[in-house]
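A short write-up of the structure that comes next.
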Amino acid sequence: MEKDTLDPWGEGHITNYERLHQEFGIERLDSLLPTIKKPSLHMRRKIDFGHRDLGRIFEAVDKDKPFAVMSGIKPSGDFHLGTKMTADDMIYFQSLSKRATVYYCIADVEAYNDNGLSFAESSKTAVRNVADILALGLDPERAVVYKQSEEVRVMRLSTIFSSSVTNNMLKAIYGERQIGLYLSALIQIGDILMPQLAEFGGPKPVVVPVGADQDPHIRLARDLANTYKEDFRFVPPSAVFHRLNRGLDGSPKMSKRTPGSSFSLNDQPAVAGKTVMSAFTGGRASIEEQRKLGGEADKCPVYDLYLFHFAVEDDYAKRVYDECYDGTRMCGDCKKELAALVKKYLEDHRKRRESMMKDAEELLKTSRKRLAAIAS
Ligand code: SF4
């Protein structure tokens with residue numbers, strides 16, 4: 001069997017999440033969950049399965065201490081369901097405390113290195129991406145949005161870090177890559193650790209919500225936080241990991257690069273509905289067999305969409321699951337029901353997002369001014 005890989009830039013193939021605990025030391029969320037007062041939808045539904053030092057964040061919440069929530073987006077296209085998951089987690093952590101500040105990075109250097117996108121193209125997409133996260137519920141009053149290429153502190157940190165990483169270290173974590181990707185990894189570590197610089201209030205817990213395939217960046221960030229502890233007093237960043245959305249075409253991971261595997265939040269609702277209707281399922285070969293044996297929601301990317309995104313109530317997600325397994329739910333009807341939910345969601349999101357475009361431009365502008373003022 002092909003071995004699962006954790007490739008932050010690729011079509012990461014994760015079939016065995018258990019292995020990530022054993023091989024990479026990702027802690028189980030299950031053991032922390034009973035202590036979390038208000039678990040997120042992803043936590044309750046076991047979509048978030050692992051973490052690194054997440055207890056530190058809930059301790060900051062309980063003690064009313066400042067903490068940061070850090071993540072970003074590569075501006076290579078509109079929000080898709082994977083970016084929505086990370087955004088949902090960021091908004092959740094921001095909602096836990098008035099002392100939480102979100103740092104949202106527009107990874108335009110990575111888009112340049114990985115996708116060959118010009119900074120001008122990235123800039124345009126960035127406005128739409130910021131409008132998306134605002135439409136999902138981010139509070140702009142406690143958010144700092146910046147472009148990697150413009151943030152001199154991130155560049156400075158990555159240059160400093162480059163003096164203590166060797167080619168062999170990077171090869172061991174990321175495999176053999178072009179220098180540009182190694183460099184963008186170091187820049188991402190700069191992003192993750194920047195909120196702890198003195199000008200942002202100094203060392204503090206930082207949580208990075210990510211897909212499991214991004215763990216290589218988290219490991220490197222934690223290693224470097226320890227390496228530079230004396231100079232910067234960094235607290236090793238915390239992370240919470242979510243499972244990856246399986247592709248609707250039956251591929252192991254949704255990808256913007258694979259048509260039919262996903263849809264963006266800004267696709268025409270009718271087009272997204274069609275993608276749902278042609279999705280791979282965990283259904284049986286015939287209706288008779290499905291009635292007799294039930295479907296397999298655990299193997300079904302259509303069920304993933306209910307669970308991860310569109311069944312807002314826990315009871316509803318459970319009902320879909322139970323009806324699938326007891327053979328009373330047929331795949332055609334199940335997809336139709338989901339397609340209707342998706343269409344409605346996309347219509348509503350489109351309206352919210354359009355109403356946020358000006359605010360997005362404003363947030364990018366004010367953040368830029370704020371960051372420039374801190375730098376001078
Ligand atoms: S009934 Fe629904 S959840 Fe079950 S396998 Fe079919 S599409 Fe998937």
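The chains in the structure tokens are called A, B, ... from first to last as shown; in each chain the residues are counted from 1, and the ligands are counted from 1 in the order shown.
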- Message: With only C-alpha atoms as the counted atoms, please give the residues lying no more than 9 Å from A:Lys256, apart from itself and same-chain residues fewer than 6 positions off, as a VMD selection string.
- Response: chain A and resid 77 80 262 to 264
Keeping only N, CA and C atoms, write the selected residues to a file as a PDB file, in the first residue's frame.
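Final output, saved to part-v3.pdb:
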```
ATOM      1  N   GLY A  77      -6.487  31.441  -5.782  1.00  0.00           N
ATOM      2  CA  GLY A  77      -7.847  31.208  -6.265  1.00  0.00           C
ATOM      3  C   GLY A  77      -8.832  31.538  -5.163  1.00  0.00           C
ATOM      4  N   HIS A  80     -11.930  27.658  -1.201  1.00  0.00           N
ATOM      5  CA  HIS A  80     -12.562  26.362  -1.439  1.00  0.00           C
ATOM      6  C   HIS A  80     -12.867  25.759  -0.075  1.00  0.00           C
ATOM      7  N   SER A 262     -13.777  19.220  -6.084  1.00  0.00           N
ATOM      8  CA  SER A 262     -14.236  20.209  -5.109  1.00  0.00           C
ATOM      9  C   SER A 262     -14.988  21.323  -5.826  1.00  0.00           C
ATOM     10  N   PHE A 263     -15.397  22.322  -5.069  1.00  0.00           N
ATOM     11  CA  PHE A 263     -15.909  23.543  -5.687  1.00  0.00           C
ATOM     12  C   PHE A 263     -15.516  24.694  -4.787  1.00  0.00           C
ATOM     13  N   SER A 264     -15.525  25.881  -5.358  1.00  0.00           N
ATOM     14  CA  SER A 264     -15.132  27.028  -4.539  1.00  0.00           C
ATOM     15  C   SER A 264     -16.398  27.672  -3.967  1.00  0.00           C
TER      16      SER A 264
END
```
Counting only C-alpha atoms and all ligand atoms, which residues in chain A sit no more than 10 Å from ligand 1? For each one, give the nearest pair of atoms and the distance in Å, sorted by chain then residue number, as a tab-separated table.
```
residue	atom	partner	partner_atom_place_in_ligand_line	distance
A:Val276	CA	ligand 1	7 (S)	9.6
A:Met277	CA	ligand 1	7 (S)	9.5
A:Ala279	CA	ligand 1	7 (S)	8.4
A:Phe280	CA	ligand 1	7 (S)	7.9
A:Thr281	CA	ligand 1	8 (Fe)	4.8
A:Gly282	CA	ligand 1	5 (S)	3.7
A:Gly283	CA	ligand 1	5 (S)	3.9
A:Arg284	CA	ligand 1	5 (S)	7.5
A:Gln290	CA	ligand 1	1 (S)	8.4
A:Gly294	CA	ligand 1	4 (Fe)	7.6
A:Gly295	CA	ligand 1	5 (S)	4.4
A:Glu296	CA	ligand 1	5 (S)	4.9
A:Ala297	CA	ligand 1	3 (S)	4.4
A:Asp298	CA	ligand 1	3 (S)	7.9
A:Lys299	CA	ligand 1	5 (S)	7.4
A:Cys300	CA	ligand 1	8 (Fe)	4.7
A:Pro301	CA	ligand 1	8 (Fe)	6.9
A:Val302	CA	ligand 1	8 (Fe)	5.2
A:Tyr303	CA	ligand 1	3 (S)	4.3
A:Asp304	CA	ligand 1	3 (S)	8.1
A:Leu305	CA	ligand 1	3 (S)	9.3
A:Tyr306	CA	ligand 1	3 (S)	8.3
A:Leu307	CA	ligand 1	3 (S)	9.7
A:Ala317	CA	ligand 1	3 (S)	9.7
A:Val320	CA	ligand 1	3 (S)	6.5
A:Tyr321	CA	ligand 1	3 (S)	6.3
A:Asp322	CA	ligand 1	4 (Fe)	8.9
A:Glu323	CA	ligand 1	1 (S)	7.4
A:Cys324	CA	ligand 1	4 (Fe)	4.2
A:Tyr325	CA	ligand 1	4 (Fe)	6.9
A:Asp326	CA	ligand 1	4 (Fe)	9.5
A:Gly327	CA	ligand 1	1 (S)	7.8
A:Thr328	CA	ligand 1	1 (S)	8.2
A:Arg329	CA	ligand 1	1 (S)	4.9
A:Met330	CA	ligand 1	1 (S)	4.7
A:Cys331	CA	ligand 1	6 (Fe)	3.5
A:Gly332	CA	ligand 1	7 (S)	6.9
A:Asp333	CA	ligand 1	1 (S)	7.7
A:Cys334	CA	ligand 1	2 (Fe)	4.6
A:Lys335	CA	ligand 1	7 (S)	5.7
A:Lys336	CA	ligand 1	7 (S)	9.3
A:Glu337	CA	ligand 1	2 (Fe)	9.3
A:Leu338	CA	ligand 1	2 (Fe)	8.9
```
List every residue of stretch 62-110 of chain A that has an atom at most 12 Å from any atom of stretch 354-375 of chain A, giving for each one its closest atom pair and the distance in Å to one decimal, counting only C-alpha atoms, sorted by chain and then by ascending residue number, as CSV.
```
residue,atom,partner,partner_atom,distance
A:Val102,CA,A:Ser367,CA,11.7
A:Tyr103,CA,A:Ser367,CA,10.1
A:Tyr104,CA,A:Leu364,CA,10.3
A:Cys105,CA,A:Leu364,CA,10.6
A:Ile106,CA,A:Leu364,CA,10.0
```
Got time to write the residues from that selection, N, CA and C atoms, as a short mmCIF file (atom, residue, chain, number, x, y, z; two decimals), in the first residue's frame?
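Dumped to selection.cif:
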```cif
data_model
loop_
_atom_site.label_atom_id
_atom_site.label_comp_id
_atom_site.auth_asym_id
_atom_site.auth_seq_id
_atom_site.Cartn_x
_atom_site.Cartn_y
_atom_site.Cartn_z
N VAL A 102 -6.27 37.70 15.60
CA VAL A 102 -6.01 36.85 14.44
C VAL A 102 -4.96 37.52 13.55
N TYR A 103 -3.97 36.74 13.14
CA TYR A 103 -2.99 37.18 12.14
C TYR A 103 -3.25 36.36 10.89
N TYR A 104 -3.62 37.04 9.84
CA TYR A 104 -3.99 36.33 8.61
C TYR A 104 -3.02 36.75 7.50
N CYS A 105 -2.27 35.78 7.06
CA CYS A 105 -1.21 36.07 6.11
C CYS A 105 -1.63 35.74 4.67
N ILE A 106 -1.41 36.67 3.79
CA ILE A 106 -1.63 36.41 2.37
C ILE A 106 -0.29 35.90 1.82
#
```
- Task: Run DSSP on the backbone and grab whatever in stretch 24-223 of chain A lands in strand (DSSP E or B); send it over as JSON, numbers by chain.
- Result: {"A": [27, 28, 48, 49, 50, 51, 52, 67, 68, 69, 70, 71, 72, 73, 80, 100, 101, 102, 103, 104, 105, 106, 143, 144, 145, 146, 147, 206, 207, 208, 209, 210, 211]}
- Would you kindly return, as a list in words, each protein, DNA or RNA residue with an atom no farther than 8 Å from any atom of A:Val154, considering only C-alpha atoms and excluding same-chain residues fewer than 6 positions away? Gln148, Ile187, Gly190, Asp191 and Met194 of chain A
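Across the structure, atom CA of A:Asp108 and atom CA of A:Ala120 are spaced 9.4 Å apart.
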- Which residues in stretch 124-240 of chain A does DSSP call alpha helix (DSSP H)? List them as a ChimeraX atom specification. /A:124-136,152-162,167-174,179-193,215-227,229-232
Please provide the set of residues having any atom within 9 Å of A:Tyr182, restricted to only C-alpha atoms, with same-chain residues fewer than 5 positions apart removed, written as an mmCIF file with all heavy atoms, in the first residue's frame.
```cif
data_model
loop_
_atom_site.group_PDB
_atom_site.id
_atom_site.type_symbol
_atom_site.label_atom_id
_atom_site.label_comp_id
_atom_site.auth_asym_id
_atom_site.auth_seq_id
_atom_site.Cartn_x
_atom_site.Cartn_y
_atom_site.Cartn_z
ATOM 1 N N ASN A 167 20.462 21.954 4.846
ATOM 2 C CA ASN A 167 19.780 21.312 3.734
ATOM 3 C C ASN A 167 19.230 19.945 4.178
ATOM 4 O O ASN A 167 18.111 19.565 3.835
ATOM 5 C CB ASN A 167 20.789 21.157 2.597
ATOM 6 C CG ASN A 167 20.083 20.928 1.294
ATOM 7 O OD1 ASN A 167 19.042 21.522 1.046
ATOM 8 N ND2 ASN A 167 20.626 20.052 0.474
ATOM 9 N N LEU A 170 15.972 20.232 6.187
ATOM 10 C CA LEU A 170 14.811 20.542 5.345
ATOM 11 C C LEU A 170 14.422 19.335 4.500
ATOM 12 O O LEU A 170 13.239 19.045 4.314
ATOM 13 C CB LEU A 170 15.114 21.755 4.454
ATOM 14 C CG LEU A 170 15.291 23.065 5.221
ATOM 15 C CD1 LEU A 170 15.748 24.190 4.297
ATOM 16 C CD2 LEU A 170 13.980 23.477 5.909
ATOM 17 N N LYS A 171 15.449 18.614 4.035
ATOM 18 C CA LYS A 171 15.187 17.419 3.223
ATOM 19 C C LYS A 171 14.467 16.366 4.061
ATOM 20 O O LYS A 171 13.532 15.705 3.595
ATOM 21 C CB LYS A 171 16.518 16.854 2.719
ATOM 22 C CG LYS A 171 16.458 16.458 1.267
ATOM 23 C CD LYS A 171 17.841 16.326 0.713
ATOM 24 C CE LYS A 171 18.053 14.908 0.220
ATOM 25 N NZ LYS A 171 19.413 14.738 -0.299
ATOM 26 N N TYR A 174 10.775 17.910 4.511
ATOM 27 C CA TYR A 174 9.951 18.177 3.321
ATOM 28 C C TYR A 174 10.274 17.293 2.121
ATOM 29 O O TYR A 174 9.564 17.348 1.115
ATOM 30 C CB TYR A 174 10.141 19.633 2.873
ATOM 31 C CG TYR A 174 9.656 20.643 3.891
ATOM 32 C CD1 TYR A 174 10.552 21.348 4.700
ATOM 33 C CD2 TYR A 174 8.299 20.888 4.053
ATOM 34 C CE1 TYR A 174 10.105 22.271 5.630
ATOM 35 C CE2 TYR A 174 7.837 21.812 4.977
ATOM 36 C CZ TYR A 174 8.755 22.499 5.767
ATOM 37 O OH TYR A 174 8.295 23.407 6.684
ATOM 38 N N ARG A 177 13.255 19.256 -2.461
ATOM 39 C CA ARG A 177 12.424 20.310 -3.051
ATOM 40 C C ARG A 177 13.288 21.377 -3.690
ATOM 41 O O ARG A 177 14.478 21.491 -3.390
ATOM 42 C CB ARG A 177 11.585 20.991 -1.955
ATOM 43 C CG ARG A 177 10.602 20.095 -1.303
ATOM 44 C CD ARG A 177 9.658 19.543 -2.334
ATOM 45 N NE ARG A 177 8.660 18.712 -1.716
ATOM 46 C CZ ARG A 177 7.367 18.765 -2.031
ATOM 47 N NH1 ARG A 177 6.939 19.583 -2.953
ATOM 48 N NH2 ARG A 177 6.527 17.967 -1.437
ATOM 49 N N ILE A 187 9.840 31.217 5.331
ATOM 50 C CA ILE A 187 9.021 32.431 5.437
ATOM 51 C C ILE A 187 7.754 32.123 6.245
ATOM 52 O O ILE A 187 7.323 32.914 7.087
ATOM 53 C CB ILE A 187 8.685 32.987 4.027
ATOM 54 C CG1 ILE A 187 9.979 33.478 3.360
ATOM 55 C CG2 ILE A 187 7.667 34.113 4.105
ATOM 56 C CD1 ILE A 187 9.824 33.877 1.898
#
```
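Shortest separation to A:Leu29 among A:Phe241, A:Ser163, A:Arg128, A:Ala107 occurs at residue A:Phe241, atoms counted being only C-alpha atoms.
Of the residues listed (A:Arg153, A:Lys292, A:Lys229, A:Lys74), A:Lys74 shows the shortest atom-to-atom separation from A:Ser184; distances use only C-alpha atoms.
Between A:Ala340 and the residues A:Gly273, A:Gly116, A:Gly137, A:Pro39, the shortest atom-to-atom distance, using only C-alpha atoms, involves A:Gly273.
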- If we count only C-alpha atoms, what is near A:Phe24 at a cut-off of 12 Å, once residues fewer than 5 positions away on the same chain are taken out, given as a VMD selection string? chain A and resid 4 to 6 17 to 19 50 to 52 173 212 to 213 215 to 216 218 to 219
Would you put the residues from that selection into a file with all heavy atoms, as a compact mmCIF listing (two decimals), in the first residue's frame?
```
# COMPACT_ATOMS: atom_id res chain seq x y z
N ASP A 4 1.29 6.98 3.33
CA ASP A 4 0.77 8.34 3.48
C ASP A 4 1.93 9.32 3.54
O ASP A 4 2.97 9.03 4.14
CB ASP A 4 -0.02 8.47 4.78
CG ASP A 4 -1.34 7.73 4.71
OD1 ASP A 4 -1.70 7.25 3.62
OD2 ASP A 4 -2.01 7.63 5.75
N THR A 5 1.74 10.48 2.93
CA THR A 5 2.79 11.49 3.02
C THR A 5 2.18 12.77 3.59
O THR A 5 0.99 13.01 3.43
CB THR A 5 3.37 11.82 1.63
OG1 THR A 5 2.27 12.15 0.76
CG2 THR A 5 4.14 10.66 1.04
N LEU A 6 3.02 13.54 4.26
CA LEU A 6 2.56 14.86 4.73
C LEU A 6 3.27 15.89 3.88
O LEU A 6 4.41 16.26 4.16
CB LEU A 6 2.88 15.04 6.21
CG LEU A 6 2.11 14.15 7.18
CD1 LEU A 6 2.46 14.49 8.62
CD2 LEU A 6 0.61 14.27 6.97
N TYR A 17 -4.95 8.15 9.88
CA TYR A 17 -4.66 9.27 10.79
C TYR A 17 -3.99 8.77 12.06
O TYR A 17 -3.25 9.49 12.71
CB TYR A 17 -5.95 10.06 11.09
CG TYR A 17 -6.33 10.95 9.94
CD1 TYR A 17 -7.14 10.49 8.91
CD2 TYR A 17 -5.84 12.25 9.84
CE1 TYR A 17 -7.47 11.30 7.83
CE2 TYR A 17 -6.16 13.08 8.77
CZ TYR A 17 -6.98 12.59 7.76
OH TYR A 17 -7.29 13.39 6.68
N GLU A 18 -4.25 7.52 12.40
CA GLU A 18 -3.66 6.92 13.59
C GLU A 18 -2.12 7.00 13.52
O GLU A 18 -1.45 7.28 14.49
CB GLU A 18 -4.14 5.46 13.68
CG GLU A 18 -3.73 4.70 14.92
CD GLU A 18 -4.15 5.37 16.20
OE1 GLU A 18 -5.22 6.02 16.23
OE2 GLU A 18 -3.37 5.25 17.19
N ARG A 19 -1.64 6.75 12.31
CA ARG A 19 -0.19 6.74 12.12
C ARG A 19 0.45 8.10 12.46
O ARG A 19 1.59 8.18 12.88
CB ARG A 19 0.08 6.41 10.64
CG ARG A 19 1.44 5.87 10.39
CD ARG A 19 1.72 5.67 8.91
NE ARG A 19 2.87 6.45 8.54
CZ ARG A 19 2.87 7.43 7.65
NH1 ARG A 19 1.78 7.73 7.00
NH2 ARG A 19 3.96 8.10 7.38
N GLY A 50 -6.32 15.97 16.10
CA GLY A 50 -5.04 16.01 16.81
C GLY A 50 -4.61 17.43 17.09
O GLY A 50 -5.19 18.40 16.58
N HIS A 51 -3.58 17.54 17.89
CA HIS A 51 -3.09 18.89 18.24
C HIS A 51 -1.66 18.82 18.72
O HIS A 51 -1.11 17.74 18.94
CB HIS A 51 -3.98 19.49 19.33
CG HIS A 51 -3.81 18.85 20.69
ND1 HIS A 51 -3.05 19.41 21.69
CD2 HIS A 51 -4.26 17.68 21.20
CE1 HIS A 51 -3.09 18.63 22.77
NE2 HIS A 51 -3.81 17.58 22.49
N ARG A 52 -1.07 19.98 18.86
CA ARG A 52 0.21 20.12 19.57
C ARG A 52 0.03 21.25 20.57
O ARG A 52 -0.30 22.39 20.17
CB ARG A 52 1.35 20.44 18.59
CG ARG A 52 1.66 19.29 17.61
CD ARG A 52 2.97 19.50 16.89
NE ARG A 52 3.16 18.53 15.83
CZ ARG A 52 3.72 17.33 15.98
NH1 ARG A 52 4.15 16.93 17.17
NH2 ARG A 52 3.86 16.51 14.96
N ILE A 173 12.47 16.89 6.55
CA ILE A 173 11.08 17.28 6.84
C ILE A 173 10.23 17.33 5.58
O ILE A 173 9.10 16.85 5.56
CB ILE A 173 11.05 18.67 7.55
CG1 ILE A 173 11.74 18.58 8.90
CG2 ILE A 173 9.62 19.15 7.74
CD1 ILE A 173 11.84 19.90 9.65
N ALA A 212 -3.96 18.36 8.33
CA ALA A 212 -2.89 17.48 8.81
C ALA A 212 -1.66 17.52 7.91
O ALA A 212 -0.54 17.33 8.38
CB ALA A 212 -3.43 16.05 8.89
N ASP A 213 -1.86 17.83 6.63
CA ASP A 213 -0.71 17.83 5.71
C ASP A 213 0.25 19.00 5.95
O ASP A 213 1.35 19.02 5.40
CB ASP A 213 -1.20 17.85 4.24
CG ASP A 213 -2.15 19.00 3.94
OD1 ASP A 213 -2.64 19.65 4.90
OD2 ASP A 213 -2.41 19.25 2.75
N ASP A 215 1.53 19.71 8.88
CA ASP A 215 2.32 19.47 10.10
C ASP A 215 3.82 19.70 9.91
O ASP A 215 4.48 20.14 10.86
CB ASP A 215 2.05 18.06 10.65
CG ASP A 215 2.79 17.84 11.95
OD1 ASP A 215 2.67 18.69 12.85
OD2 ASP A 215 3.52 16.83 12.08
N PRO A 216 4.40 19.43 8.72
CA PRO A 216 5.84 19.71 8.59
C PRO A 216 6.18 21.16 8.97
O PRO A 216 7.19 21.40 9.64
CB PRO A 216 6.11 19.43 7.11
CG PRO A 216 5.10 18.39 6.73
CD PRO A 216 3.87 18.73 7.53
N ILE A 218 4.56 23.03 11.07
CA ILE A 218 4.39 23.20 12.53
C ILE A 218 5.62 22.64 13.26
O ILE A 218 6.14 23.26 14.19
CB ILE A 218 3.10 22.49 13.02
CG1 ILE A 218 1.87 23.04 12.29
CG2 ILE A 218 2.95 22.61 14.54
CD1 ILE A 218 1.57 24.50 12.50
N ARG A 219 6.08 21.47 12.80
CA ARG A 219 7.26 20.87 13.47
C ARG A 219 8.47 21.77 13.35
O ARG A 219 9.19 22.01 14.32
CB ARG A 219 7.57 19.50 12.86
CG ARG A 219 6.75 18.39 13.52
CD ARG A 219 7.11 17.05 12.94
NE ARG A 219 6.36 16.79 11.74
CZ ARG A 219 6.84 16.20 10.65
NH1 ARG A 219 8.09 15.80 10.59
NH2 ARG A 219 6.08 15.98 9.60
```
